[in-house]
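Written below as structure tokens is the structure these notes are about.
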Amino acid sequence: MAEAIVIGGGLAGSEAALQLAKYGIKTDLYEMRPNKETGAHKTDKFAELVCSNSLGSYETTNASGLLKHEIEILGSELMPEITESKVPAGGALAVDRELFSKKITQKIEENPYINIIREEITQINPNIPCIIASGPLTSEELSKNIKDFLGEEYLYFFDAIAPIIEKDSVNFDKAFYMNRYNKGDADYINCPMNKEEYENFYKILVNSPRIELKSFEKGAKFFESCLPIEVLASRGADTLRFGPLKPVGLQDSRTGIENYAVVQLRQDNKAASLYNIVGFQTNLKWSYQKELIHAIPGLENANIVRYGVMHRNTFINSPKCLNPSMQSRINSNVFFAGQITGTEGYTESIATGLLAGINLARYIKNKPLLILPQETMLGALTNYITFEGHSSFQPINSNWGILSELNADKKIKKNKKLRNELLAKRALSSINNVLNDTLL
Ligand SMILES: Cc1cc2nc3c(=O)[nH]c(=O)nc-3n(C[C@H](O)[C@H](O)[C@H](O)COP(=O)(O)OP(=O)(O)OC[C@H]3O[C@@H](n4cnc5c(N)ncnc54)[C@H](O)[C@@H]3O)c2cc1C
């Protein structure tokens with residue numbers, strides 16, 4: 001009889017099941033492939049990489065690279081196989097995807113604590129401790145059941161998301177803080193455009209190519225209230241000026257100039273280091289998004305930490321229903337991991353799978369759950385997705401902006417390379433302390 005269940009043998013579920021096994025927990029791992037396909041996966045293997053074969057940087061001075069080092073220290077079971085399946089790819093950690101998923105499949109199949117069940121789960125059984133790691137393409141039946149379990153408002157399906165930028169890269173000689181009609185505090189950052197600047201922006205926008213949709217995404221209906229900017233722009237040159245780029249009530253008190261259009265940025269994290277571009281959901285190719293954003297006055301040098309993307313994406317409203325330990329607030333037997341929690345990316349999925357696996361094992365063994373400090377990349381990610389103050393929660397990947405602030409003078413903070421080196425050093429020392437104090 002299984003002590004735990006893991007739903008989904010993707011990146012998060014594979015890591016979680018192997019962690020549970022490491023702690024001696026008998027686990028049933030449910031994977032619906034090959035009986036039922038997701039539309040994106042091509043094989044019946046565990047831990048399949050659905051798109052690119054690159055897991056991003058492995059340098060500690062890169063946010064995703066730092067996360068990899070953190071999970072290696074915490075004992076990730078997937079990381080050694082990633083290293084062993086490595087292919088040359090410059091600074092990126094890319095793998096032979098077939099070799100990698102073959103190795104993970106073998107590791108799982110040979111593990112005496114893991115029982116593989118090739119079935120679709122359509123209903124959660126909260127009486128048995130479980131981890132839901134069914135990914136962004138969770139089957140329809142299970143999605144419905146998760147929705148019922150968490151409550152109607154707790155499951156989102158979004159097609160397009162807006163880019164996020166680092167506040168430190170905004171040029172405040174041009175941008176200014178203000179709420180429309182000066183209502184309340186000056187929460188928004190506003191980037192004003194004159195007619196000529198808007199026309200230039202519009203020209204780039206309508207001439208930028210979109211990312212080709214996958215076959216299973218074609219025909220996806222947009223929400224009328226959440227249309228990609230390129231779709232709005234195709235309806236006419238002024239549509240955006242009467243929509244998300246509306247200038248009324250946003251006059252810069254420094255200049256008193258009536259603006260032709262205004263791009264607004266909204267705070268995206270507690271530390272106010274990240275801002276998303278309001279109403280800017282897009283599916284343009286990333287290099288063109290960059291060109292477009294850099295054509296906005298005040299954002300000429302904007303550092304983009306997340307680009308707009310569009311694909312079917314099922315994710316729960318983690319700020320409302322998850323704790324930073326990955327345990328659900330509604331039922332302590334139920335944990336979530338992977339992209340379904342609103343963390344974005346391969347490494348992030350492995351990382352949250354690792355944390356959920358460790359914590360479910362600790363929960364079963366009556367040990368206190370692990371909540372990682374916000375000075376670590378994994379701790380910052382889990383804090384970000386479970387922070388209740390988001391005005392609109394959207395998936396995020398690892399980035400420097402979510403870490404707790406560095407205690408250093410301004411000169412050091414302005415030197416990005418040095419700042420990142422110090423942040424990484426602090427994060428790794430913190431993870432080592434967690435390992436020595438809690439896990440060993
Ligand atoms: C089309 C697409 C392309 C992406 N490309 C990239 C990329 O290039 N780089 C990147 O970093 N990230 C990418 N991502 C984002 C994300 O990193 C991946 O989706 C990643 O695989 C998520 O890991 P996961 O473990 O959460 O989910 P998955 O790896 O998708 O694993 C979930 C597993 O659950 C199974 N499952 C689903 N429902 C059920 C059920 N009811 N019962 C049993 N099993 C079930 C699925 O078959 C699947 O094997 C992409 C996402 C999508 C959708």
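The chains in the structure tokens are called A, B, ... from first to last as shown; in each chain the residues are counted from 1, and the ligands are counted from 1 in the order shown.
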- Item | Given 6 Å and only C-alpha atoms and all ligand atoms, residues near ligand 1 as an MDAnalysis selection string | chainID A and resid 7:13 30:33 38 40 49:52 55 119:122 133:139 142 338:340 344:346 349
I need the residues from that last selection saved to file as a CSV table (one decimal), in the first residue's frame (with C-alpha atoms), if you can.
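What ended up in selection-v4.csv:
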```csv
chain,number,residue,atom,x,y,z
A,7,ILE,CA,0.4,12.8,-10.1
A,8,GLY,CA,2.4,13.4,-13.3
A,9,GLY,CA,5.8,12.0,-14.4
A,10,GLY,CA,7.1,15.2,-15.8
A,11,LEU,CA,10.1,17.2,-14.5
A,12,ALA,CA,8.5,18.1,-11.2
A,13,GLY,CA,6.7,14.7,-10.6
A,30,TYR,CA,0.7,8.1,-11.9
A,31,GLU,CA,1.5,9.1,-15.5
A,32,MET,CA,-1.2,9.2,-18.2
A,33,ARG,CA,1.1,9.0,-21.2
A,38,THR,CA,-0.8,16.1,-23.7
A,40,ALA,CA,3.1,18.6,-26.5
A,49,LEU,CA,11.6,18.2,-22.1
A,50,VAL,CA,8.7,19.5,-24.2
A,51,CYS,CA,10.4,22.2,-26.2
A,52,SER,CA,13.9,23.5,-26.1
A,55,LEU,CA,17.9,24.4,-19.3
A,119,GLU,CA,-3.2,5.9,-15.8
A,120,GLU,CA,-4.9,9.3,-16.0
A,121,ILE,CA,-6.0,10.5,-12.6
A,122,THR,CA,-9.3,12.3,-12.9
A,133,ALA,CA,2.6,17.8,-10.6
A,134,SER,CA,0.4,17.4,-13.7
A,135,GLY,CA,1.9,20.5,-15.4
A,136,PRO,CA,0.6,23.3,-17.6
A,137,LEU,CA,-1.2,20.7,-19.8
A,138,THR,CA,-3.0,19.0,-17.0
A,139,SER,CA,-5.8,16.7,-18.5
A,142,LEU,CA,-8.2,16.5,-13.6
A,338,GLY,CA,6.0,22.3,-11.1
A,339,GLN,CA,4.6,24.6,-13.6
A,340,ILE,CA,1.0,24.2,-12.3
A,344,GLU,CA,7.8,29.0,-15.1
A,345,GLY,CA,10.6,26.9,-16.7
A,346,TYR,CA,12.3,23.5,-16.6
A,349,SER,CA,9.7,22.8,-12.2
```
- Task: Any chance you could list, as a PyMOL selection string, the residues in region 214-425 of chain A that come up strand (DSSP E or B) when DSSP is run on the backbone?
- Result: chain A and resi 261-267+274-277+284+304-306+310+314-316+322+327-328+334-336+343+396
- Task: Compile the contact shell of Met377 (chain A) as a ChimeraX atom specification: residues with an atom at most 12 Å away, counting only C-alpha atoms, same-chain residues fewer than 4 positions apart removed.
- Result: /A:60-71,343,347-348,351-352,372-373,381-384,397-404,420,423-431
- Pick out the residues sitting within 8 Å of Gln327 (chain A), and hand them over as a count of residues only; count only C-alpha atoms, and ignore anything fewer than 6 positions along from it in its own chain. 5
- Which residues, written as a VMD selection string, have at least one atom at most 10 Å from region 72-85 of chain A, with only C-alpha atoms counted and residues fewer than 5 positions away on the same chain left out? chain A and resid 11 to 12 14 to 19 22 47 55 66 to 67 93 to 104 107 347 350 to 351 353 to 355 358 428 431 to 432 434 to 435 439
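You will find CA of Ala271 (chain A) at 22.1 Å from CA of Asp173 (chain A).
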- Message: I'd like the interatomic distance between CA of Asn313 (chain A) and CA of Thr341 (chain A), to a tenth of an Å.
- Response: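 Interatomic distance, CA of Asn313 (chain A) to CA of Thr341 (chain A): 10.8 Å.
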- Separation of CA of Gly24 (chain A) and CA of Tyr113 (chain A), in Å?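 Interatomic distance, CA of Gly24 (chain A) to CA of Tyr113 (chain A): 6.8 Å.
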- Report the residues of region 279-343 of chain A whose backbone DSSP state falls under helix (DSSP H, G or I), written as a PyMOL selection string. chain A and resi 286-294+318-321+338-341
- Task: May I ask which of the residues A:Pro319, A:Pro88, A:Gly342, A:Pro126 is the closest one to Asn145 (chain A), counting only C-alpha atoms?
- Result: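 Residue with the minimum atom-to-atom distance to Asn145 (chain A): A:Pro126.
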- Message: When you look at Val305 (chain A) with a cut-off of 7 Å (counting only C-alpha atoms), what residues show up, excluding the ones that are within fewer than 6 positions of it in the same chain? I need them as a list in words.
- Response: Ile164, Ile165, Glu166 and Asn399 of chain A
- Would you mind listing what lies within 8 Å of Ala162 (chain A) as a PyMOL selection string, with only C-alpha atoms counted and same-chain residues fewer than 5 positions away left out? chain A and resi 276-282+307-309
- Pick from A:Lys246, A:Lys86, A:Arg266, A:Arg235 nearest to Phe393 (chain A), counting only C-alpha atoms: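 Between A:Lys246, A:Lys86, A:Arg266, A:Arg235, the residue approaching Phe393 (chain A) most closely is A:Arg266.
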